[in-house]
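With mmCIF, C-alpha atoms inside, this is structure31.cif:
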data_upload
#
loop_
_atom_site.group_PDB
_atom_site.id
_atom_site.type_symbol
_atom_site.label_atom_id
_atom_site.label_comp_id
_atom_site.auth_asym_id
_atom_site.auth_seq_id
_atom_site.Cartn_x
_atom_site.Cartn_y
_atom_site.Cartn_z
ATOM 1 C CA MET A 1 -6.984 16.382 -0.459
ATOM 2 C CA ALA A 2 -6.236 20.015 0.200
ATOM 3 C CA ALA A 3 -2.576 20.946 0.390
ATOM 4 C CA ALA A 4 -1.415 22.379 3.688
ATOM 5 C CA THR A 5 -0.908 26.128 3.713
ATOM 6 C CA ARG A 6 2.127 26.058 5.939
ATOM 7 C CA VAL A 7 4.637 23.681 7.485
ATOM 8 C CA ILE A 8 5.995 24.100 10.994
ATOM 9 C CA ALA A 9 9.607 23.108 11.570
ATOM 10 C CA SER A 10 9.917 20.447 14.194
ATOM 11 C CA SER A 11 12.600 19.730 16.729
ATOM 12 C CA ARG A 12 11.681 16.066 16.739
ATOM 13 C CA SER A 13 14.576 13.746 16.018
ATOM 14 C CA THR A 14 15.408 12.404 12.571
ATOM 15 C CA ILE A 15 14.764 8.704 12.088
ATOM 16 C CA THR A 16 16.800 6.580 9.708
ATOM 17 C CA THR A 17 15.180 3.680 7.894
ATOM 18 C CA THR A 18 16.950 1.065 5.794
ATOM 19 C CA LEU A 19 15.828 -0.249 2.394
ATOM 20 C CA PHE A 20 16.745 -3.860 2.024
ATOM 21 C CA SER A 21 18.464 -4.483 -0.879
ATOM 22 C CA LYS A 22 -6.436 -11.231 -15.914
ATOM 23 C CA THR A 23 -8.932 -14.051 -15.480
ATOM 24 C CA PRO A 24 -8.332 -16.074 -12.340
ATOM 25 C CA PHE A 25 -8.756 -19.808 -12.196
ATOM 26 C CA PHE A 26 -11.275 -20.789 -9.562
ATOM 27 C CA GLY A 27 -10.581 -23.977 -7.681
ATOM 28 C CA LYS A 28 -12.998 -25.931 -5.541
ATOM 29 C CA THR A 29 -15.853 -23.860 -4.212
ATOM 30 C CA GLN A 30 -14.883 -24.464 -0.603
ATOM 31 C CA ASN A 31 -11.348 -23.185 -1.191
ATOM 32 C CA LEU A 32 -11.082 -19.573 -0.025
ATOM 33 C CA SER A 33 -8.180 -18.813 -2.376
ATOM 34 C CA LEU A 34 -8.106 -17.871 -6.040
ATOM 35 C CA ARG A 35 -5.412 -19.551 -8.084
ATOM 36 C CA PHE A 36 -3.493 -17.765 -10.781
ATOM 37 C CA ARG A 37 -0.333 -18.759 -12.592
ATOM 38 C CA SER A 38 1.406 -16.131 -14.635
ATOM 39 C CA ASN A 39 4.642 -15.089 -16.257
ATOM 40 C CA VAL A 40 4.922 -11.876 -14.248
ATOM 41 C CA GLN A 41 8.610 -12.446 -13.574
ATOM 42 C CA LYS A 42 9.276 -12.203 -17.318
ATOM 43 C CA ARG A 43 7.606 -8.797 -17.544
ATOM 44 C CA ARG A 44 9.643 -5.703 -17.006
ATOM 45 C CA LEU A 45 9.255 -3.894 -13.697
ATOM 46 C CA PHE A 46 9.793 -0.168 -14.031
ATOM 47 C CA THR A 47 12.067 1.606 -11.577
ATOM 48 C CA SER A 48 12.741 4.952 -13.263
ATOM 49 C CA ARG A 49 14.031 7.680 -10.922
ATOM 50 C CA ALA A 50 14.551 5.067 -8.217
ATOM 51 C CA ILE A 51 16.978 5.702 -5.397
ATOM 52 C CA TYR A 52 19.267 2.743 -4.816
ATOM 53 C CA ASN A 53 21.102 4.321 -1.909
ATOM 54 C CA PRO A 54 20.337 1.875 0.935
ATOM 55 C CA GLN A 55 19.323 4.608 3.358
ATOM 56 C CA VAL A 56 16.750 7.357 3.466
ATOM 57 C CA GLN A 57 15.928 9.516 6.437
ATOM 58 C CA ILE A 58 12.590 10.577 7.794
ATOM 59 C CA LYS A 59 12.110 14.190 8.803
ATOM 60 C CA GLU A 60 8.989 15.327 10.573
ATOM 61 C CA GLU A 61 7.612 18.827 10.140
ATOM 62 C CA GLY A 62 4.870 20.084 12.414
ATOM 63 C CA GLN A 63 3.361 18.238 15.344
ATOM 64 C CA PRO A 64 1.585 14.859 15.107
ATOM 65 C CA GLU A 65 -2.197 14.976 15.026
ATOM 66 C CA THR A 66 -2.302 18.475 13.563
ATOM 67 C CA LEU A 67 -3.246 19.642 10.072
ATOM 68 C CA ASP A 68 0.339 20.756 9.432
ATOM 69 C CA TYR A 69 2.078 17.506 10.326
ATOM 70 C CA ARG A 70 4.146 15.984 7.524
ATOM 71 C CA VAL A 71 6.645 13.114 7.375
ATOM 72 C CA PHE A 72 9.154 13.839 4.613
ATOM 73 C CA PHE A 73 11.780 11.496 3.182
ATOM 74 C CA VAL A 74 15.308 12.731 2.437
ATOM 75 C CA ASP A 75 18.295 11.058 0.824
ATOM 76 C CA SER A 76 21.844 10.942 2.166
ATOM 77 C CA SER A 77 22.553 14.434 0.826
ATOM 78 C CA GLY A 78 19.567 15.897 2.661
ATOM 79 C CA LYS A 79 17.490 16.321 -0.488
ATOM 80 C CA LYS A 80 13.762 15.626 -0.198
ATOM 81 C CA VAL A 81 12.572 12.625 -2.182
ATOM 82 C CA SER A 82 9.209 11.022 -2.772
ATOM 83 C CA PRO A 83 8.318 7.777 -0.974
ATOM 84 C CA TRP A 84 5.925 7.076 -3.839
ATOM 85 C CA HIS A 85 8.138 7.832 -6.838
ATOM 86 C CA ASP A 86 11.756 7.561 -5.665
ATOM 87 C CA ILE A 87 11.903 4.481 -3.456
ATOM 88 C CA PRO A 88 12.333 1.414 -5.678
ATOM 89 C CA LEU A 89 9.520 -1.118 -5.839
ATOM 90 C CA HIS A 90 11.185 -4.392 -6.736
ATOM 91 C CA LEU A 91 14.154 -5.927 -4.932
ATOM 92 C CA GLY A 92 14.262 -9.233 -6.828
ATOM 93 C CA ASP A 93 12.989 -12.734 -6.011
ATOM 94 C CA ASP A 94 9.417 -11.458 -5.544
ATOM 95 C CA VAL A 95 10.485 -9.159 -2.704
ATOM 96 C CA PHE A 96 9.316 -5.546 -2.595
ATOM 97 C CA ASN A 97 9.748 -2.363 -0.599
ATOM 98 C CA PHE A 98 6.768 -1.411 1.546
ATOM 99 C CA VAL A 99 6.347 2.096 2.996
ATOM 100 C CA VAL A 100 4.505 2.117 6.317
ATOM 101 C CA GLU A 101 1.839 4.799 6.618
ATOM 102 C CA ILE A 102 -0.181 3.441 9.543
ATOM 103 C CA PRO A 103 1.431 1.307 12.280
ATOM 104 C CA LYS A 104 -0.583 -1.629 13.555
ATOM 105 C CA GLU A 105 -2.742 -1.000 16.632
ATOM 106 C CA SER A 106 -3.207 2.692 15.788
ATOM 107 C CA SER A 107 -6.179 4.609 14.392
ATOM 108 C CA ALA A 108 -4.919 7.892 12.851
ATOM 109 C CA LYS A 109 -5.587 7.660 9.114
ATOM 110 C CA MET A 110 -2.144 8.519 7.757
ATOM 111 C CA GLU A 111 -1.459 8.483 4.023
ATOM 112 C CA VAL A 112 0.932 9.692 1.381
ATOM 113 C CA ALA A 113 -0.206 13.098 0.110
ATOM 114 C CA THR A 114 -0.238 12.284 -3.589
ATOM 115 C CA ASP A 115 -1.079 15.883 -4.537
ATOM 116 C CA GLU A 116 1.754 17.548 -2.593
ATOM 117 C CA GLN A 117 5.355 18.036 -3.703
ATOM 118 C CA PHE A 118 7.562 15.120 -2.580
ATOM 119 C CA THR A 119 4.368 13.286 -1.502
ATOM 120 C CA PRO A 120 4.999 13.327 2.279
ATOM 121 C CA ILE A 121 2.921 11.267 4.693
ATOM 122 C CA LYS A 122 0.199 13.270 6.430
ATOM 123 C CA GLN A 123 -3.022 12.597 8.319
ATOM 124 C CA ASP A 124 -6.046 12.496 6.056
ATOM 125 C CA THR A 125 -8.788 15.058 6.588
ATOM 126 C CA LYS A 126 -12.503 15.393 5.946
ATOM 127 C CA LYS A 127 -14.218 18.758 6.044
ATOM 128 C CA GLY A 128 -11.104 20.246 7.580
ATOM 129 C CA LYS A 129 -10.919 17.744 10.432
ATOM 130 C CA LEU A 130 -8.366 14.999 11.005
ATOM 131 C CA ARG A 131 -9.594 11.515 10.186
ATOM 132 C CA TYR A 132 -9.344 8.465 12.428
ATOM 133 C CA TYR A 133 -10.524 4.921 11.977
ATOM 134 C CA PRO A 134 -13.361 4.033 14.381
ATOM 135 C CA TYR A 135 -11.082 1.368 15.883
ATOM 136 C CA ASN A 136 -7.434 0.393 15.632
ATOM 137 C CA ILE A 137 -6.153 -1.324 12.530
ATOM 138 C CA ASN A 138 -4.623 -4.668 13.465
ATOM 139 C CA TRP A 139 -1.819 -4.788 10.881
ATOM 140 C CA ASN A 140 0.874 -2.483 9.540
ATOM 141 C CA TYR A 141 -0.640 -0.640 6.590
ATOM 142 C CA GLY A 142 0.887 1.393 3.794
ATOM 143 C CA LEU A 143 1.824 1.419 0.154
ATOM 144 C CA LEU A 144 3.931 -0.168 -2.550
ATOM 145 C CA PRO A 145 6.093 2.564 -4.121
ATOM 146 C CA GLN A 146 6.053 3.000 -7.881
ATOM 147 C CA THR A 147 2.559 1.569 -8.286
ATOM 148 C CA TRP A 148 -0.664 3.344 -9.271
ATOM 149 C CA GLU A 149 -4.280 2.292 -9.672
ATOM 150 C CA ASP A 150 -5.290 4.004 -12.895
ATOM 151 C CA PRO A 151 -8.737 5.654 -12.540
ATOM 152 C CA SER A 152 -9.232 5.477 -16.322
ATOM 153 C CA PHE A 153 -8.839 1.692 -16.418
ATOM 154 C CA ALA A 154 -11.924 -0.496 -15.889
ATOM 155 C CA ASN A 155 -10.878 -3.895 -14.559
ATOM 156 C CA SER A 156 -13.007 -6.502 -16.307
ATOM 157 C CA GLU A 157 -12.129 -9.109 -13.676
ATOM 158 C CA VAL A 158 -13.400 -6.975 -10.796
ATOM 159 C CA GLU A 159 -16.866 -5.870 -11.885
ATOM 160 C CA GLY A 160 -15.455 -3.283 -14.279
ATOM 161 C CA ALA A 161 -14.352 -1.112 -11.345
ATOM 162 C CA PHE A 162 -11.958 1.755 -12.064
ATOM 163 C CA GLY A 163 -8.738 2.319 -10.108
ATOM 164 C CA ASP A 164 -8.813 4.626 -7.084
ATOM 165 C CA ASN A 165 -6.006 6.960 -8.287
ATOM 166 C CA ASP A 166 -3.647 5.933 -5.466
ATOM 167 C CA PRO A 167 -0.615 3.679 -4.982
ATOM 168 C CA VAL A 168 -1.397 0.050 -4.166
ATOM 169 C CA ASP A 169 -2.096 -0.627 -0.485
ATOM 170 C CA VAL A 170 -0.302 -3.259 1.586
ATOM 171 C CA VAL A 171 -1.512 -5.028 4.715
ATOM 172 C CA GLU A 172 1.570 -6.415 6.471
ATOM 173 C CA ILE A 173 0.676 -9.229 8.868
ATOM 174 C CA GLY A 174 3.922 -9.561 10.842
ATOM 175 C CA GLU A 175 3.968 -9.413 14.625
ATOM 176 C CA ARG A 176 6.063 -6.240 15.067
ATOM 177 C CA GLN A 177 4.502 -2.789 15.155
ATOM 178 C CA ALA A 178 6.337 -0.706 12.559
ATOM 179 C CA LYS A 179 6.788 3.077 12.593
ATOM 180 C CA ILE A 180 5.359 5.733 10.299
ATOM 181 C CA GLY A 181 7.694 6.104 7.330
ATOM 182 C CA GLU A 182 9.566 2.880 7.960
ATOM 183 C CA VAL A 183 10.463 0.946 4.808
ATOM 184 C CA LEU A 184 10.171 -2.817 5.136
ATOM 185 C CA LYS A 185 11.243 -5.569 2.780
ATOM 186 C CA VAL A 186 8.166 -7.745 2.239
ATOM 187 C CA LYS A 187 6.948 -10.640 0.163
ATOM 188 C CA PRO A 188 3.330 -10.663 -1.036
ATOM 189 C CA VAL A 189 1.261 -13.715 -0.208
ATOM 190 C CA ALA A 190 -2.310 -12.806 -1.219
ATOM 191 C CA ALA A 191 -4.519 -10.053 -2.629
ATOM 192 C CA LEU A 192 -8.010 -8.739 -1.905
ATOM 193 C CA ALA A 193 -9.959 -6.752 -4.492
ATOM 194 C CA MET A 194 -11.803 -4.195 -2.367
ATOM 195 C CA ILE A 195 -14.406 -2.034 -4.092
ATOM 196 C CA ASP A 196 -14.834 1.248 -2.220
ATOM 197 C CA GLU A 197 -17.755 3.342 -3.474
ATOM 198 C CA GLY A 198 -17.278 1.835 -6.930
ATOM 199 C CA GLU A 199 -13.490 2.243 -7.045
ATOM 200 C CA LEU A 200 -11.053 -0.665 -7.093
ATOM 201 C CA ASP A 201 -8.704 -0.471 -4.104
ATOM 202 C CA TRP A 202 -6.374 -3.472 -4.043
ATOM 203 C CA LYS A 203 -5.109 -4.755 -0.692
ATOM 204 C CA ILE A 204 -1.908 -6.761 -1.088
ATOM 205 C CA VAL A 205 -1.382 -9.017 1.921
ATOM 206 C CA ALA A 206 2.327 -9.360 2.682
ATOM 207 C CA ILE A 207 4.760 -10.314 5.423
ATOM 208 C CA SER A 208 7.995 -8.611 6.393
ATOM 209 C CA LEU A 209 11.097 -10.720 5.843
ATOM 210 C CA ASP A 210 12.128 -9.727 9.370
ATOM 211 C CA ASP A 211 9.146 -11.527 10.891
ATOM 212 C CA PRO A 212 9.973 -14.761 12.764
ATOM 213 C CA ARG A 213 7.427 -16.684 10.686
ATOM 214 C CA ALA A 214 8.375 -15.176 7.317
ATOM 215 C CA SER A 215 10.220 -18.301 6.159
ATOM 216 C CA LEU A 216 7.063 -20.338 6.779
ATOM 217 C CA VAL A 217 4.769 -18.147 4.703
ATOM 218 C CA SER A 218 5.139 -18.030 0.922
ATOM 219 C CA ASP A 219 1.580 -18.217 -0.402
ATOM 220 C CA ILE A 220 -2.051 -17.976 0.583
ATOM 221 C CA ASP A 221 -2.312 -21.500 2.028
ATOM 222 C CA ASP A 222 0.606 -20.750 4.349
ATOM 223 C CA VAL A 223 -1.251 -17.697 5.668
ATOM 224 C CA GLU A 224 -4.222 -19.871 6.548
ATOM 225 C CA LYS A 225 -1.919 -22.386 8.233
ATOM 226 C CA HIS A 226 0.318 -20.055 10.256
ATOM 227 C CA PHE A 227 -1.994 -17.040 10.605
ATOM 228 C CA PRO A 228 -5.387 -18.780 10.762
ATOM 229 C CA GLY A 229 -8.349 -16.489 10.222
ATOM 230 C CA THR A 230 -6.193 -13.514 9.233
ATOM 231 C CA LEU A 231 -7.377 -13.188 5.628
ATOM 232 C CA THR A 232 -11.007 -13.256 6.730
ATOM 233 C CA ALA A 233 -10.259 -10.740 9.482
ATOM 234 C CA ILE A 234 -8.577 -8.373 6.998
ATOM 235 C CA ARG A 235 -11.486 -8.606 4.581
ATOM 236 C CA ASP A 236 -14.043 -8.043 7.330
ATOM 237 C CA TRP A 237 -12.114 -5.107 8.825
ATOM 238 C CA PHE A 238 -11.941 -3.261 5.515
ATOM 239 C CA ARG A 239 -15.497 -4.237 4.651
ATOM 240 C CA ASP A 240 -16.929 -2.751 7.842
ATOM 241 C CA TYR A 241 -14.726 0.156 8.956
ATOM 242 C CA LYS A 242 -16.922 2.851 7.376
ATOM 243 C CA ILE A 243 -20.166 1.548 8.835
ATOM 244 C CA PRO A 244 -19.831 3.459 12.160
ATOM 245 C CA ASP A 245 -19.761 6.673 10.083
ATOM 246 C CA GLY A 246 -23.065 5.791 8.499
ATOM 247 C CA LYS A 247 -21.645 4.589 5.188
ATOM 248 C CA PRO A 248 -22.406 1.247 3.530
ATOM 249 C CA ALA A 249 -20.042 -1.694 3.821
ATOM 250 C CA ASN A 250 -17.327 -1.989 1.205
ATOM 251 C CA LYS A 251 -17.574 -4.832 -1.289
ATOM 252 C CA PHE A 252 -14.971 -7.251 -2.627
ATOM 253 C CA GLY A 253 -14.551 -8.652 -6.092
ATOM 254 C CA LEU A 254 -13.126 -12.012 -7.175
ATOM 255 C CA GLY A 255 -15.950 -13.885 -5.518
ATOM 256 C CA ASN A 256 -15.386 -12.136 -2.162
ATOM 257 C CA LYS A 257 -12.284 -14.289 -1.705
ATOM 258 C CA ALA A 258 -8.564 -13.622 -1.413
ATOM 259 C CA ALA A 259 -6.396 -14.357 -4.436
ATOM 260 C CA ASN A 260 -3.084 -16.188 -4.160
ATOM 261 C CA LYS A 261 0.506 -14.946 -4.438
ATOM 262 C CA ASP A 262 0.713 -15.225 -8.217
ATOM 263 C CA TYR A 263 -2.364 -13.078 -8.613
ATOM 264 C CA ALA A 264 -0.911 -10.547 -6.161
ATOM 265 C CA LEU A 265 2.271 -10.409 -8.274
ATOM 266 C CA LYS A 266 0.143 -9.832 -11.347
ATOM 267 C CA VAL A 267 -1.578 -6.877 -9.668
ATOM 268 C CA ILE A 268 1.768 -5.413 -8.618
ATOM 269 C CA THR A 269 3.225 -5.749 -12.106
ATOM 270 C CA GLU A 270 0.225 -4.166 -13.807
ATOM 271 C CA THR A 271 0.000 -1.244 -11.382
ATOM 272 C CA ASN A 272 3.749 -0.667 -11.700
ATOM 273 C CA GLU A 273 3.253 -0.418 -15.463
ATOM 274 C CA SER A 274 0.462 2.100 -14.884
ATOM 275 C CA TRP A 275 2.756 4.147 -12.629
ATOM 276 C CA ALA A 276 5.448 4.160 -15.335
ATOM 277 C CA LYS A 277 2.953 5.586 -17.821
ATOM 278 C CA LEU A 278 1.922 8.179 -15.256
ATOM 279 C CA VAL A 279 5.416 9.477 -14.537
ATOM 280 C CA LYS A 280 6.208 9.526 -18.262
ATOM 281 C CA ARG A 281 3.032 11.594 -18.636
ATOM 282 C CA SER A 282 1.583 9.122 -21.088
ATOM 283 C CA ILE A 283 -1.463 9.504 -18.851
ATOM 284 C CA PRO A 284 -2.408 13.013 -17.640
ATOM 285 C CA PRO A 285 -1.499 13.283 -13.925
ATOM 286 C CA GLY A 286 -4.306 15.660 -13.036
ATOM 287 C CA GLU A 287 -3.648 16.953 -9.515
ATOM 288 C CA LEU A 288 -1.122 14.244 -8.677
ATOM 289 C CA SER A 289 2.426 15.327 -7.881
ATOM 290 C CA LEU A 290 5.071 13.573 -9.959
ATOM 291 C CA VAL A 291 7.908 15.092 -7.920
#

Would you encode the structure as structure tokens?
Amino acid sequence: MAAATRVIASSRSTITTTLFSKTPFFGKTQNLSLRFRSNVQKRRLFTSRAIYNPQVQIKEEGQPETLDYRVFFVDSSGKKVSPWHDIPLHLGDDVFNFVVEIPKESSAKMEVATDEQFTPIKQDTKKGKLRYYPYNINWNYGLLPQTWEDPSFANSEVEGAFGDNDPVDVVEIGERQAKIGEVLKVKPVAALAMIDEGELDWKIVAISLDDPRASLVSDIDDVEKHFPGTLTAIRDWFRDYKIPDGKPANKFGLGNKAANKDYALKVITETNESWAKLVKRSIPPGELSLV
């Protein structure tokens, strides 16, 4: 991604958002879930440089749907911070912070600019033009802070695919349309191992704790019960969204099935460990911004 050459100050209002404080076991062949039991809770989750102040503010610079548009995050003192590096990942009891990049029922392809200082949210581009999905995405979509899919690591469980060099993606299935830059407290309930042009691009399926049905959904079977067809719809949406642009369908590992909550927690823990190595510069960052 090319860094923007200038940023236009915006008179748009400031928005405040609140942060609320490897081999799977395959069950019966007709079961669409992968089962995995792990000791992820015993493993350390890294939160270096994390901001524990319960509030961050969102400040927009430039105008939406322009090449200069950026959504920055600032702390209570007005200092810019990174939604990728500075917002804490883990909140305890298998609850995590989720940064919204793309609100449900919208099509602008917004993403954290991992190569720009303070990693603001911007609209992705291709050949100098703003990118849009060919149709609206049906769920809130964004990232887990303090995670990273290491492009030097070949995952033996997912066809040896290497990480896509980005934070881990989240598909939040709650009923409310969130806002760009909003930070939601979510619990993961499943995971899909998407393979995009040979790169592993995990999709963690989660639900906001604010959703009316959140107390009913704790694992993959609950998703099928209370959100029937949703996991298949998510897989099919991400499988097919590039086809209208003349590209092949994306593939999925793990038998083309969703994995359960424990496997999702395993993915989160491992990618958090990779992020910790990145920010400590144990792994060369390349063009990624660590600020």

Counting all atoms listed in the file, the residue among A:Leu89, A:Ala113, A:Ile137, A:Leu184 that lies closest to Asn272 of chain A is A:Leu89

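The shortest atom-to-atom distance to Glu172 of chain A, with only C-alpha atoms taken into account, belongs to A:Phe96 out of A:Phe96, A:Trp275, A:Phe72, A:Phe153.
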
Counting all atoms listed in the file, the residue among A:Asp196, A:Asp211, A:Asp201, A:Asp150 that lies closest to Gly174 of chain A is A:Asp211

As AutoDock Vina command-line options, please report the centre and edge lengths, rounded to one decimal in Å, of the axis-aligned box that holds all listed atoms of segment 197-211 of chain A with 3 Å of padding on each of the six sides.
--center_x -2.8 --center_y -4.1 --center_z 1.9 --size_x 35.9 --size_y 20.9 --size_z 24.0

Neighbours of Ser215 of chain A within 12 Å (only C-alpha atoms; same-chain residues fewer than 5 positions away dropped), as number ranges by chain? A: 174, 186-187, 189, 207-210, 222-223, 226

Residues from last step as file, C-alpha atoms, as a compact mmCIF listing (two decimals), keeping the file's coordinate frame:
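Result file is selection18.txt:
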# COMPACT_ATOMS: atom_id res chain seq x y z
CA GLY A 174 3.92 -9.56 10.84
CA VAL A 186 8.17 -7.74 2.24
CA LYS A 187 6.95 -10.64 0.16
CA VAL A 189 1.26 -13.72 -0.21
CA ILE A 207 4.76 -10.31 5.42
CA SER A 208 8.00 -8.61 6.39
CA LEU A 209 11.10 -10.72 5.84
CA ASP A 210 12.13 -9.73 9.37
CA ASP A 222 0.61 -20.75 4.35
CA VAL A 223 -1.25 -17.70 5.67
CA HIS A 226 0.32 -20.06 10.26

So the first atom is atom CA of Glu224 of chain A and the second is atom CA of Glu197 of chain A; what is the distance between them in Å, to one decimal place? 28.7 Å

Name the residues that the PyMOL selection byres ((chain A and resi 156) around 12) pulls out of this structure, and write them as a count of residues only. 16

Distance query Phe238 of chain A at most 9 Å, only C-alpha atoms, self and fewer than 2 positions along chain excluded, as a PyMOL selection string: chain A and resi 194+233-236+240-242+249-251

For the structure shown, which residues end up in the PyMOL selection byres ((chain A and resi 104) around 6)? Put them as a PyMOL selection string, please? chain A and resi 103+105-106+137-140+177

Could you list the residues chosen by the PyMOL selection byres ((chain A and resi 144) around 7) in this structure as a compact mmCIF listing (two decimals) with C-alpha atoms, keeping the file's coordinate frame?
# COMPACT_ATOMS: atom_id res chain seq x y z
CA LEU A 89 9.52 -1.12 -5.84
CA ASN A 97 9.75 -2.36 -0.60
CA PHE A 98 6.77 -1.41 1.55
CA VAL A 99 6.35 2.10 3.00
CA LEU A 143 1.82 1.42 0.15
CA PRO A 145 6.09 2.56 -4.12
CA GLN A 146 6.05 3.00 -7.88
CA THR A 147 2.56 1.57 -8.29
CA PRO A 167 -0.62 3.68 -4.98
CA VAL A 168 -1.40 0.05 -4.17
CA ASP A 169 -2.10 -0.63 -0.48
CA VAL A 170 -0.30 -3.26 1.59

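Interatomic distance, atom CA of Ala258 of chain A to atom CA of Glu270 of chain A: 17.9 Å.
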
Writing N, CA, C and O atoms and nothing else, produce segment 120-131 of chain A as a short mmCIF file (atom, residue, chain, number, x, y, z; two decimals), in the first residue's frame.
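In the end it all went to out_5.cif:
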data_model
loop_
_atom_site.label_atom_id
_atom_site.label_comp_id
_atom_site.auth_asym_id
_atom_site.auth_seq_id
_atom_site.Cartn_x
_atom_site.Cartn_y
_atom_site.Cartn_z
N PRO A 120 -3.34 4.31 10.80
CA PRO A 120 -4.74 4.74 10.75
C PRO A 120 -5.55 3.85 9.82
O PRO A 120 -4.99 3.08 9.01
N ILE A 121 -6.86 3.94 9.90
CA ILE A 121 -7.74 3.24 8.97
C ILE A 121 -7.89 4.10 7.72
O ILE A 121 -8.10 5.32 7.80
N LYS A 122 -7.77 3.49 6.56
CA LYS A 122 -7.94 4.20 5.30
C LYS A 122 -8.67 3.27 4.33
O LYS A 122 -8.88 2.09 4.62
N GLN A 123 -9.07 3.80 3.18
CA GLN A 123 -9.68 2.96 2.16
C GLN A 123 -8.58 2.38 1.28
O GLN A 123 -7.69 3.10 0.82
N ASP A 124 -8.63 1.09 1.07
CA ASP A 124 -7.63 0.41 0.26
C ASP A 124 -7.70 0.91 -1.18
O ASP A 124 -8.75 1.37 -1.64
N THR A 125 -6.58 0.80 -1.87
CA THR A 125 -6.52 1.24 -3.26
C THR A 125 -5.91 0.16 -4.14
O THR A 125 -5.20 -0.74 -3.66
N LYS A 126 -6.19 0.26 -5.42
CA LYS A 126 -5.55 -0.60 -6.43
C LYS A 126 -5.34 0.24 -7.67
O LYS A 126 -6.29 0.84 -8.18
N LYS A 127 -4.09 0.33 -8.08
CA LYS A 127 -3.71 1.15 -9.23
C LYS A 127 -4.19 2.58 -9.06
O LYS A 127 -4.67 3.22 -10.00
N GLY A 128 -4.08 3.08 -7.83
CA GLY A 128 -4.41 4.46 -7.56
C GLY A 128 -5.89 4.76 -7.40
O GLY A 128 -6.27 5.92 -7.20
N LYS A 129 -6.73 3.73 -7.46
CA LYS A 129 -8.17 3.93 -7.33
C LYS A 129 -8.69 3.27 -6.06
O LYS A 129 -8.19 2.23 -5.64
N LEU A 130 -9.70 3.90 -5.47
CA LEU A 130 -10.29 3.36 -4.25
C LEU A 130 -10.95 2.01 -4.53
O LEU A 130 -11.58 1.81 -5.57
N ARG A 131 -10.83 1.11 -3.56
CA ARG A 131 -11.39 -0.23 -3.74
C ARG A 131 -12.72 -0.36 -3.00
O ARG A 131 -12.90 0.14 -1.89
#
